[in-house]
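Engineer: File name run.cif; file contents mmCIF, C-alpha atoms; full text below.
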```cif
data_data
loop_
_atom_site.group_PDB
_atom_site.id
_atom_site.type_symbol
_atom_site.label_atom_id
_atom_site.label_comp_id
_atom_site.auth_asym_id
_atom_site.auth_seq_id
_atom_site.Cartn_x
_atom_site.Cartn_y
_atom_site.Cartn_z
ATOM 1 C CA MET W 287 29.758 -42.096 15.657
ATOM 2 C CA PRO W 288 27.266 -44.860 16.519
ATOM 3 C CA TYR W 289 24.529 -45.440 13.919
ATOM 4 C CA PHE W 290 21.694 -44.799 16.347
ATOM 5 C CA LEU W 291 23.179 -41.362 17.154
ATOM 6 C CA ARG W 292 23.423 -40.500 13.447
ATOM 7 C CA TYR W 293 19.788 -41.521 12.905
ATOM 8 C CA LEU W 294 18.728 -39.630 15.988
ATOM 9 C CA LEU W 295 20.444 -36.482 14.777
ATOM 10 C CA LEU W 296 18.953 -36.904 11.313
ATOM 11 C CA LEU W 297 15.483 -37.299 12.792
ATOM 12 C CA ILE W 298 15.967 -34.236 14.975
ATOM 13 C CA PHE W 299 17.091 -32.241 11.957
ATOM 14 C CA LEU W 300 14.193 -33.382 9.773
ATOM 15 C CA SER W 301 11.566 -32.800 12.440
ATOM 16 C CA PHE W 302 13.032 -29.355 13.102
ATOM 17 C CA THR W 303 12.898 -28.436 9.422
ATOM 18 C CA ILE W 304 9.333 -29.689 8.968
ATOM 19 C CA THR W 305 8.142 -27.932 12.116
ATOM 20 C CA SER W 306 9.919 -24.765 11.061
ATOM 21 C CA GLU W 307 8.192 -24.812 7.679
ATOM 22 C CA GLU W 308 4.796 -25.183 9.368
ATOM 23 C CA ASP W 309 5.670 -22.481 11.873
ATOM 24 C CA HIS W 310 6.773 -20.240 9.068
ATOM 25 C CA HIS W 311 3.467 -20.547 7.225
ATOM 26 C CA GLU W 312 1.722 -19.802 10.485
ATOM 27 C CA GLU W 313 3.891 -16.748 11.098
ATOM 28 C CA GLU W 314 3.397 -15.546 7.531
ATOM 29 C CA SER W 315 -0.336 -15.920 7.969
ATOM 30 C CA GLU W 316 -0.163 -14.074 11.297
ATOM 31 C CA VAL W 317 1.666 -11.162 9.647
ATOM 32 C CA HIS W 318 -0.956 -11.145 6.903
ATOM 33 C CA ASP W 319 -3.702 -11.019 9.538
ATOM 34 C CA VAL W 320 -2.002 -8.176 11.430
ATOM 35 C CA MET W 321 -1.838 -6.257 8.149
ATOM 36 C CA ALA W 322 -5.362 -7.067 6.994
ATOM 37 C CA TYR W 323 -7.260 -6.809 10.273
ATOM 38 C CA VAL W 324 -5.200 -4.436 12.426
ATOM 39 C CA LEU W 325 -2.879 -2.164 10.487
ATOM 40 C CA ASP W 326 -4.778 -1.615 7.243
ATOM 41 C CA PRO W 327 -8.115 -0.675 8.885
ATOM 42 C CA ALA W 328 -6.257 1.599 11.319
ATOM 43 C CA ALA W 329 -4.361 3.291 8.487
ATOM 44 C CA ARG W 330 -7.637 3.807 6.624
ATOM 45 C CA GLY W 331 -9.045 5.334 9.797
ATOM 46 C CA ILE W 332 -6.433 8.049 9.292
ATOM 47 C CA TRP W 333 -6.392 8.314 5.486
ATOM 48 C CA ASN W 334 -10.152 8.420 4.987
ATOM 49 C CA PHE W 335 -10.578 11.393 7.299
ATOM 50 C CA SER W 336 -8.039 13.814 5.944
ATOM 51 C CA GLY W 337 -7.825 15.549 2.608
ATOM 52 C CA SER W 338 -10.675 16.698 0.428
ATOM 53 C CA TYR W 339 -12.590 16.078 -2.746
ATOM 54 C CA VAL W 340 -13.338 18.607 -5.425
ATOM 55 C CA THR W 341 -16.351 18.700 -7.739
ATOM 56 C CA GLU W 342 -17.862 21.388 -9.941
ATOM 57 C CA GLU W 343 -19.809 22.438 -6.827
ATOM 58 C CA GLY W 344 -16.636 23.170 -4.866
ATOM 59 C CA GLU W 345 -14.182 21.616 -2.422
ATOM 60 C CA PHE W 346 -15.349 19.446 0.451
ATOM 61 C CA ARG W 347 -13.095 18.649 3.396
ATOM 62 C CA LEU W 348 -13.007 15.148 4.856
ATOM 63 C CA GLU W 349 -11.783 15.809 8.374
ATOM 64 C CA PRO W 350 -14.248 15.273 11.225
ATOM 65 C CA THR W 351 -16.479 18.061 12.358
ATOM 66 C CA SER W 352 -17.008 16.682 15.857
ATOM 67 C CA ASP W 353 -14.835 15.734 18.836
ATOM 68 C CA GLU W 354 -16.119 12.154 18.516
ATOM 69 C CA GLY W 355 -14.832 12.013 14.941
ATOM 70 C CA TRP W 356 -11.374 13.150 16.004
ATOM 71 C CA GLU W 357 -11.478 10.656 18.873
ATOM 72 C CA ARG W 358 -11.979 7.849 16.335
ATOM 73 C CA ILE W 359 -8.879 9.009 14.450
ATOM 74 C CA MET W 360 -6.943 9.010 17.721
ATOM 75 C CA GLN W 361 -8.010 5.392 18.223
ATOM 76 C CA SER W 362 -6.793 4.484 14.735
ATOM 77 C CA ALA W 363 -3.518 6.323 15.308
ATOM 78 C CA LYS W 364 -2.946 4.488 18.578
ATOM 79 C CA THR W 365 -3.618 1.189 16.815
ATOM 80 C CA VAL W 366 -0.963 2.047 14.207
ATOM 81 C CA SER W 367 1.523 2.756 17.014
ATOM 82 C CA GLU W 368 0.689 -0.473 18.797
ATOM 83 C CA ALA W 369 0.844 -2.502 15.576
ATOM 84 C CA SER W 370 4.527 -1.646 15.661
ATOM 85 C CA TYR W 371 4.918 -3.986 18.652
ATOM 86 C CA LEU W 372 2.870 -6.727 17.038
ATOM 87 C CA LEU W 373 5.160 -6.683 14.012
ATOM 88 C CA SER W 374 8.284 -6.508 16.151
ATOM 89 C CA LEU W 375 7.589 -9.808 17.896
ATOM 90 C CA PRO W 376 10.643 -12.017 17.370
ATOM 91 C CA SER W 377 8.633 -14.687 15.549
ATOM 92 C CA ARG W 378 7.508 -12.059 13.028
ATOM 93 C CA SER W 379 10.539 -9.818 12.773
ATOM 94 C CA GLU W 380 12.952 -12.760 12.706
ATOM 95 C CA GLY W 381 15.526 -10.255 13.932
ATOM 96 C CA ARG W 382 15.661 -8.492 10.552
ATOM 97 C CA PRO W 383 17.036 -4.990 11.226
ATOM 98 C CA LEU W 384 15.181 -3.397 8.314
ATOM 99 C CA TRP W 385 11.888 -4.993 9.358
ATOM 100 C CA LEU W 386 12.429 -3.703 12.890
ATOM 101 C CA ALA W 387 13.253 -0.239 11.557
ATOM 102 C CA PHE W 388 10.002 -0.148 9.555
ATOM 103 C CA SER W 389 8.071 -1.373 12.579
ATOM 104 C CA SER W 390 9.595 1.357 14.752
ATOM 105 C CA SER W 391 8.651 3.954 12.136
ATOM 106 C CA LEU W 392 5.033 2.942 12.558
ATOM 107 C CA GLU W 393 5.209 3.793 16.232
ATOM 108 C CA VAL W 394 6.656 7.242 15.510
ATOM 109 C CA ILE W 395 4.113 7.955 12.771
ATOM 110 C CA GLY W 396 1.203 6.601 14.807
ATOM 111 C CA ASP W 397 2.202 8.928 17.644
ATOM 112 C CA LYS W 398 2.422 11.885 15.252
ATOM 113 C CA ALA W 399 -1.025 11.071 13.854
ATOM 114 C CA PHE W 400 -2.373 10.793 17.385
ATOM 115 C CA GLU W 401 -0.984 14.214 18.234
ATOM 116 C CA ALA W 402 -2.374 15.740 15.028
ATOM 117 C CA ALA W 403 -5.822 14.315 15.801
ATOM 118 C CA GLU W 404 -5.590 15.424 19.407
ATOM 119 C CA HIS W 405 -4.911 18.973 18.199
ATOM 120 C CA GLN W 406 -7.560 18.584 15.479
ATOM 121 C CA ASP W 407 -5.009 19.641 12.881
ATOM 122 C CA PRO W 408 -6.174 18.408 9.417
ATOM 123 C CA GLU W 409 -3.101 19.607 7.497
ATOM 124 C CA GLU W 410 -0.721 17.835 9.851
ATOM 125 C CA LEU W 411 -2.863 14.698 9.781
ATOM 126 C CA PHE W 412 -2.790 14.701 5.967
ATOM 127 C CA LYS W 413 0.997 15.112 6.010
ATOM 128 C CA VAL W 414 1.418 12.272 8.500
ATOM 129 C CA GLY W 415 -0.936 10.122 6.411
ATOM 130 C CA ALA W 416 1.429 10.532 3.457
ATOM 131 C CA GLU W 417 4.409 9.580 5.655
ATOM 132 C CA LEU W 418 2.536 6.504 6.809
ATOM 133 C CA TYR W 419 2.029 5.399 3.224
ATOM 134 C CA GLN W 420 5.714 5.938 2.454
ATOM 135 C CA VAL W 421 6.612 3.513 5.241
ATOM 136 C CA CYS W 422 4.032 1.004 3.970
ATOM 137 C CA VAL W 423 5.418 1.185 0.431
ATOM 138 C CA ALA W 424 9.062 0.962 1.523
ATOM 139 C CA CYS W 425 8.331 -2.064 3.695
ATOM 140 C CA HIS W 426 6.246 -3.763 1.016
ATOM 141 C CA LYS W 427 9.017 -3.194 -1.504
ATOM 142 C CA ALA W 428 11.492 -4.900 0.803
ATOM 143 C CA TYR W 429 9.288 -7.748 1.951
ATOM 144 C CA TRP W 430 6.274 -8.017 -0.294
ATOM 145 C CA VAL W 431 6.084 -6.340 -3.696
ATOM 146 C CA LYS W 432 8.476 -7.848 -6.192
ATOM 147 C CA ASP W 433 8.708 -6.678 -9.769
ATOM 148 C CA MET Q 159 32.870 -33.035 17.687
ATOM 149 C CA LYS Q 160 29.420 -34.179 18.794
ATOM 150 C CA LYS Q 161 28.632 -30.741 20.251
ATOM 151 C CA THR Q 162 29.809 -29.011 17.070
ATOM 152 C CA LEU Q 163 27.610 -31.257 14.946
ATOM 153 C CA ILE Q 164 24.547 -30.630 17.124
ATOM 154 C CA LYS Q 165 25.178 -26.856 16.989
ATOM 155 C CA PHE Q 166 25.515 -27.065 13.208
ATOM 156 C CA LEU Q 167 22.250 -28.974 12.900
ATOM 157 C CA LEU Q 168 20.418 -26.570 15.167
ATOM 158 C CA ILE Q 169 21.698 -23.517 13.301
ATOM 159 C CA THR Q 170 20.857 -25.129 9.952
ATOM 160 C CA GLY Q 171 17.365 -25.828 11.251
ATOM 161 C CA LEU Q 172 16.954 -22.291 12.488
ATOM 162 C CA PHE Q 173 17.937 -20.901 9.100
ATOM 163 C CA SER Q 174 15.226 -22.967 7.495
ATOM 164 C CA VAL Q 175 12.778 -20.689 9.348
ATOM 165 C CA SER Q 176 13.919 -17.659 7.363
ATOM 166 C CA GLY Q 177 11.076 -16.314 5.344
ATOM 167 C CA ASN Q 178 9.645 -16.487 1.934
ATOM 168 C CA ILE Q 179 8.165 -13.208 0.929
ATOM 169 C CA TYR Q 180 4.622 -12.784 -0.192
ATOM 170 C CA SER Q 181 4.144 -13.480 -3.866
ATOM 171 C CA HIS Q 182 1.225 -11.079 -3.857
ATOM 172 C CA HIS Q 183 1.694 -7.982 -5.982
ATOM 173 C CA ALA Q 184 0.397 -4.457 -5.429
ATOM 174 C CA PHE Q 185 -0.607 -3.544 -9.008
ATOM 175 C CA THR Q 186 -1.546 -7.010 -10.191
ATOM 176 C CA ALA Q 187 -3.629 -7.589 -7.080
ATOM 177 C CA GLU Q 188 -6.152 -5.060 -8.303
ATOM 178 C CA PHE Q 189 -5.510 -4.198 -11.916
ATOM 179 C CA ASP Q 190 -5.204 -6.100 -15.152
ATOM 180 C CA ALA Q 191 -2.045 -5.325 -17.122
ATOM 181 C CA LYS Q 192 -3.699 -6.957 -20.141
ATOM 182 C CA ALA Q 193 -6.667 -4.598 -20.061
ATOM 183 C CA PRO Q 194 -5.382 -1.172 -21.086
ATOM 184 C CA VAL Q 195 -7.933 1.621 -21.243
ATOM 185 C CA ASN Q 196 -7.916 4.970 -22.994
ATOM 186 C CA LEU Q 197 -10.578 7.172 -21.478
ATOM 187 C CA THR Q 198 -11.703 10.532 -22.792
ATOM 188 C CA GLY Q 199 -14.099 12.573 -20.742
ATOM 189 C CA LYS Q 200 -14.560 15.438 -18.370
ATOM 190 C CA ILE Q 201 -13.355 15.393 -14.802
ATOM 191 C CA VAL Q 202 -16.345 15.281 -12.475
ATOM 192 C CA LYS Q 203 -14.586 14.750 -9.172
ATOM 193 C CA VAL Q 204 -11.055 14.578 -7.774
ATOM 194 C CA GLU Q 205 -10.400 12.960 -4.420
ATOM 195 C CA TRP Q 206 -7.269 14.390 -2.816
ATOM 196 C CA ILE Q 207 -6.801 11.629 -0.291
ATOM 197 C CA ASN Q 208 -4.048 9.320 0.887
ATOM 198 C CA PRO Q 209 -2.843 6.834 -0.050
ATOM 199 C CA HIS Q 210 -4.066 7.468 -3.624
ATOM 200 C CA ALA Q 211 -5.758 10.372 -5.314
ATOM 201 C CA TRP Q 212 -8.758 9.408 -7.457
ATOM 202 C CA VAL Q 213 -9.892 11.198 -10.588
ATOM 203 C CA HIS Q 214 -13.496 10.547 -11.613
ATOM 204 C CA VAL Q 215 -13.999 10.874 -15.352
ATOM 205 C CA GLU Q 216 -17.337 10.944 -17.152
ATOM 206 C CA VAL Q 217 -17.006 8.981 -20.364
ATOM 207 C CA ILE Q 218 -19.770 9.267 -22.937
ATOM 208 C CA GLU Q 219 -20.150 6.582 -25.597
ATOM 209 C CA GLY Q 220 -23.229 7.175 -27.726
ATOM 210 C CA LEU Q 221 -26.078 7.568 -25.263
ATOM 211 C CA LYS Q 222 -24.244 5.773 -22.484
ATOM 212 C CA LYS Q 223 -22.603 7.811 -19.755
ATOM 213 C CA THR Q 224 -20.104 6.004 -17.508
ATOM 214 C CA ILE Q 225 -18.172 7.368 -14.571
ATOM 215 C CA TRP Q 226 -14.696 5.879 -14.305
ATOM 216 C CA MET Q 227 -12.747 6.103 -11.047
ATOM 217 C CA VAL Q 228 -9.102 6.390 -11.980
ATOM 218 C CA GLU Q 229 -6.530 5.742 -9.304
ATOM 219 C CA GLY Q 230 -3.508 8.019 -9.307
ATOM 220 C CA GLY Q 231 -0.382 8.187 -7.195
ATOM 221 C CA THR Q 232 -0.307 9.804 -3.790
ATOM 222 C CA PRO Q 233 -1.516 13.418 -3.685
ATOM 223 C CA ASN Q 234 2.069 14.505 -2.974
ATOM 224 C CA THR Q 235 3.357 12.607 -6.022
ATOM 225 C CA LEU Q 236 0.726 14.195 -8.232
ATOM 226 C CA VAL Q 237 1.525 17.671 -6.972
ATOM 227 C CA ARG Q 238 5.245 17.076 -7.587
ATOM 228 C CA ASN Q 239 4.389 16.074 -11.158
ATOM 229 C CA GLY Q 240 2.377 19.255 -11.662
ATOM 230 C CA LEU Q 241 -1.083 17.774 -11.139
ATOM 231 C CA THR Q 242 -2.714 20.086 -8.644
ATOM 232 C CA LYS Q 243 -6.141 21.417 -7.717
ATOM 233 C CA GLN Q 244 -5.449 24.158 -10.251
ATOM 234 C CA THR Q 245 -4.731 21.747 -13.130
ATOM 235 C CA LEU Q 246 -7.085 18.845 -12.370
ATOM 236 C CA VAL Q 247 -10.154 21.036 -12.447
ATOM 237 C CA PRO Q 248 -13.628 19.473 -12.628
ATOM 238 C CA GLY Q 249 -15.172 20.161 -16.030
ATOM 239 C CA THR Q 250 -11.836 19.827 -17.876
ATOM 240 C CA VAL Q 251 -11.845 17.230 -20.640
ATOM 241 C CA ILE Q 252 -8.871 14.904 -20.331
ATOM 242 C CA VAL Q 253 -7.560 11.705 -21.836
ATOM 243 C CA VAL Q 254 -6.394 9.097 -19.362
ATOM 244 C CA ARG Q 255 -4.342 6.052 -20.246
ATOM 245 C CA GLY Q 256 -4.356 3.239 -17.757
ATOM 246 C CA TYR Q 257 -5.377 -0.308 -16.942
ATOM 247 C CA GLN Q 258 -8.788 -1.535 -15.904
ATOM 248 C CA SER Q 259 -9.434 -3.276 -12.599
ATOM 249 C CA LYS Q 260 -9.547 -7.059 -12.597
ATOM 250 C CA GLY Q 261 -13.243 -6.881 -11.768
ATOM 251 C CA LYS Q 262 -14.775 -5.723 -15.054
ATOM 252 C CA LEU Q 263 -18.384 -5.479 -13.930
ATOM 253 C CA CYS Q 264 -18.114 -1.759 -13.203
ATOM 254 C CA THR Q 265 -20.071 -2.050 -10.000
ATOM 255 C CA PRO Q 266 -20.458 0.263 -8.278
ATOM 256 C CA ARG Q 267 -18.046 2.127 -10.567
ATOM 257 C CA CYS Q 268 -15.658 1.265 -13.383
ATOM 258 C CA ARG Q 269 -12.171 1.456 -11.964
ATOM 259 C CA ALA Q 270 -8.767 1.851 -13.522
ATOM 260 C CA ASN Q 271 -5.201 2.548 -12.561
ATOM 261 C CA GLY Q 272 -4.119 5.738 -14.298
ATOM 262 C CA ARG Q 273 -0.740 5.986 -15.979
ATOM 263 C CA ASP Q 274 -0.844 9.379 -17.650
ATOM 264 C CA VAL Q 275 -3.254 12.185 -18.298
ATOM 265 C CA THR Q 276 -3.361 14.426 -21.367
ATOM 266 C CA PHE Q 277 -4.834 17.909 -21.126
ATOM 267 C CA PRO Q 278 -6.640 19.932 -23.835
ATOM 268 C CA ASP Q 279 -3.376 21.803 -24.607
ATOM 269 C CA GLY Q 280 -1.694 18.480 -25.426
ATOM 270 C CA SER Q 281 0.486 18.326 -22.336
ATOM 271 C CA LYS Q 282 0.850 14.836 -20.927
ATOM 272 C CA VAL Q 283 1.667 14.148 -17.266
ATOM 273 C CA PHE Q 284 2.457 10.906 -15.440
ATOM 274 C CA MET Q 285 -0.254 10.351 -12.822
ATOM 275 C CA GLY Q 286 0.821 7.088 -11.216
ATOM 276 C CA SER Q 287 3.372 6.077 -8.631
ATOM 277 C CA SER Q 288 6.719 4.510 -9.413
ATOM 278 C CA GLY Q 289 7.533 0.980 -8.342
ATOM 279 C CA THR Q 290 4.013 -0.344 -7.921
ATOM 280 C CA GLY Q 291 4.511 -3.206 -10.343
ATOM 281 C CA ALA Q 292 2.521 -1.543 -13.122
ATOM 282 C CA PRO Q 293 3.658 -2.524 -16.637
ATOM 283 C CA ARG Q 294 6.712 -0.732 -17.997
ATOM 284 C CA ASP Q 295 4.830 1.118 -20.703
ATOM 285 C CA GLY Q 296 6.941 4.239 -20.903
ATOM 286 C CA ALA Q 297 4.456 6.371 -18.971
ATOM 287 C CA ASP Q 298 6.651 6.686 -15.886
ATOM 288 C CA PRO Q 299 9.623 8.952 -16.645
ATOM 289 C CA ARG Q 300 11.449 7.569 -13.597
ATOM 290 C CA GLU Q 301 11.232 3.898 -14.477
ATOM 291 C CA PRO Q 302 14.538 2.306 -15.425
ATOM 292 C CA LYS Q 303 15.142 1.873 -19.128
ATOM 293 C CA ARG Q 304 15.113 -1.697 -20.388
#
```
As a first step, turn the structure in this file into structure tokens.

Structural biologist:
Amino acid sequence: MPYFLRYLLLLIFLSFTITSEEDHHEEESEVHDVMAYVLDPAARGIWNFSGSYVTEEGEFRLEPTSDEGWERIMQSAKTVSEASYLLSLPSRSEGRPLWLAFSSSLEVIGDKAFEAAEHQDPEELFKVGAELYQVCVACHKAYWVKD
Amino acid sequence: MKKTLIKFLLITGLFSVSGNIYSHHAFTAEFDAKAPVNLTGKIVKVEWINPHAWVHVEVIEGLKKTIWMVEGGTPNTLVRNGLTKQTLVPGTVIVVRGYQSKGKLCTPRCRANGRDVTFPDGSKVFMGSSGTGAPRDGADPREPKR
């Protein structure tokens, strides 16, 4: 093989690797941003409005008492569903089947939360909120939390 | 030959894209494994919310009264372990073992990650979640033995 072709191929390889590394950091940062600014606030929009707290004065429910409050939960639920697509983008999923499975779960759970909020069903919303966290934990164990 | 080499280089380059995982850690992000706490006080509030239940404990040291917010596992996990609205009753004096938050200023509240809770009858119950990266301190009955 001529020398110039070897050097050309080497240069192509090196530039590809360097670009890929930069792209990867960018993609990692994008995933972080989707989590921090899209998914996490949306999940909290579900979690913070279901359940209760108990004091010596009694039990106080956290679900909304107005249609507008439930509407806000529906918005959060829809965001969770749509975040599924953001995480499934090829540059973020990198074709990993497990990643894609977790992303798809978000869509299913987001839809269930939406339905629970639409029916103003606090028990169902609480149950779905727990399922949502299970998906978060399972995904973080696979791709984030390392002991 | 040339085509095979180019394919090889392209595939090798593509594999270099495959990801590092975040080095960030769930427990260590918020709590300090080197700051164990042992809190005795009465329960003043229990938040039964996802993703974590919170037990608020009033700790009295001399004339100083401090409310500690202790993070537990998910409400479902707590219930499975026997910690329910009937057992975690406000007014009950408990002992909680756990780890303080990295921020030690206690503003607006002192915070800790709870590992186990001991009731007045001496019974001790795990109140955390498994696999969070909390220290292996023997509190979690499900954690693998060393």

Engineer: What would the selection look like, as a list in words, if the PyMOL selection byres ((chain Q and resi 266-269) around 7) were run on the coordinates I just shared?

Structural biologist: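 Applied to this file, the PyMOL selection byres ((chain Q and resi 266-269) around 7) selects Ile225, Trp226, Met227, Val228, Gln258, Ser259, Cys264, Thr265 and Ala270 of chain Q.
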
Engineer: Using the chain letters and numbers from the file, which residues does the PyMOL selection byres ((chain Q and resi 237-245) around 8) grab, as a ChimeraX atom specification?

Structural biologist: /Q:233-236,246-247,283-285

Engineer: Of the candidates W:Arg382, W:His426, W:Arg358, W:Arg330, which shows the shortest atom-to-atom distance to Phe412 (chain W), using all atoms listed in the file?

Structural biologist: W:Arg330

Engineer: For Glu205 (chain Q), please output as number ranges by chain all residues within 8 Å (counting all atoms listed in the file; exclusion window: fewer than 5 positions along the same chain).

Structural biologist: W: 337-340; Q: 211-213

Engineer: Using all atoms listed in the file, which residues sit within 8 Å of Asn208 (chain Q) once same-chain residues fewer than 6 positions away are excluded, as an mmCIF file with C-alpha atoms, in the coordinates of the input?

Structural biologist:
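Resulting contents of selection-v6.cif:
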```cif
data_model
loop_
_atom_site.group_PDB
_atom_site.id
_atom_site.type_symbol
_atom_site.label_atom_id
_atom_site.label_comp_id
_atom_site.auth_asym_id
_atom_site.auth_seq_id
_atom_site.Cartn_x
_atom_site.Cartn_y
_atom_site.Cartn_z
ATOM 1 C CA TRP W 333 -6.392 8.314 5.486
ATOM 2 C CA ASN W 334 -10.152 8.420 4.987
ATOM 3 C CA SER W 336 -8.039 13.814 5.944
ATOM 4 C CA GLY W 337 -7.825 15.549 2.608
ATOM 5 C CA PHE W 412 -2.790 14.701 5.967
ATOM 6 C CA GLY W 415 -0.936 10.122 6.411
ATOM 7 C CA ALA W 416 1.429 10.532 3.457
ATOM 8 C CA TYR W 419 2.029 5.399 3.224
ATOM 9 C CA THR Q 232 -0.307 9.804 -3.790
ATOM 10 C CA PRO Q 233 -1.516 13.418 -3.685
#
```

Engineer: With only C-alpha atoms counted, which protein, DNA or RNA residues have an atom no more than 9 Å from (-11.2, 23.1, -21.3) in the file frame? Please answer as a list of chain:residue names.

Structural biologist: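 The residues that fall inside the cut-off are Q:Lys200, Q:Gly249, Q:Thr250, Q:Val251, Q:Ile252, Q:Phe277, Q:Pro278, Q:Asp279.
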
Engineer: For Cys422 (chain W), which residue out of Q:Ile207, Q:Phe189, Q:Thr290, Q:Gly256 is the nearest one, using all atoms listed in the file?

Structural biologist: Q:Thr290

Engineer: I'd like the residues picked by the PyMOL selection byres ((chain Q and resi 195) around 7) written out as number ranges by chain, using the chain letters and numbers from the file.

Structural biologist: Q: 193-194, 196-197, 255-258

Engineer: When you count only C-alpha atoms, which of these residues is closest to chain W: Q:Arg273, Q:Lys192, Q:His210, Q:Lys262?

Structural biologist: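 Checking each candidate against chain W, we get Q:His210 as the closest.
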
Engineer: Enter the distance from CA of Gly286 (chain Q) to CA of Asp326 (chain W), in Å, rounded to one decimal.

Structural biologist: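 Those two atoms sit 21.2 Å apart.
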
Engineer: What is the distance between CA of Ile359 (chain W) and CA of Ala403 (chain W), in Å to one decimal?

Structural biologist: 6.3 Å

Engineer: Record the distance separating CA of Pro327 (chain W) and CA of Cys425 (chain W), expressed in Å with one decimal.

Structural biologist: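 If I compute the distance from CA of Pro327 (chain W) to CA of Cys425 (chain W), I get 17.3 Å.
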
Engineer: Measuring between only C-alpha atoms, which one of W:Glu342, W:Glu368, W:Asp397, W:Glu354 shows the shortest distance to chain Q?

Structural biologist: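 Among the listed residues, W:Glu342 lies closest to chain Q.
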
Engineer: Rank nothing, just name the residue among Q:Ala187, Q:Ile218, Q:Val204, Q:Val253 nearest to chain W, using all atoms listed in the file.

Structural biologist: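 Comparing Q:Ala187, Q:Ile218, Q:Val204, Q:Val253 against chain W, the winner is Q:Val204.
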
Engineer: Skipping near chain neighbours, those fewer than 6 positions away, what residues fall within 12 Å of Leu372 (chain W) using all atoms listed in the file, listed as a PyMOL selection string?

Structural biologist: chain W and resi 313+316-321+324-325+365-366+378-379+385-386+389-390+392-393
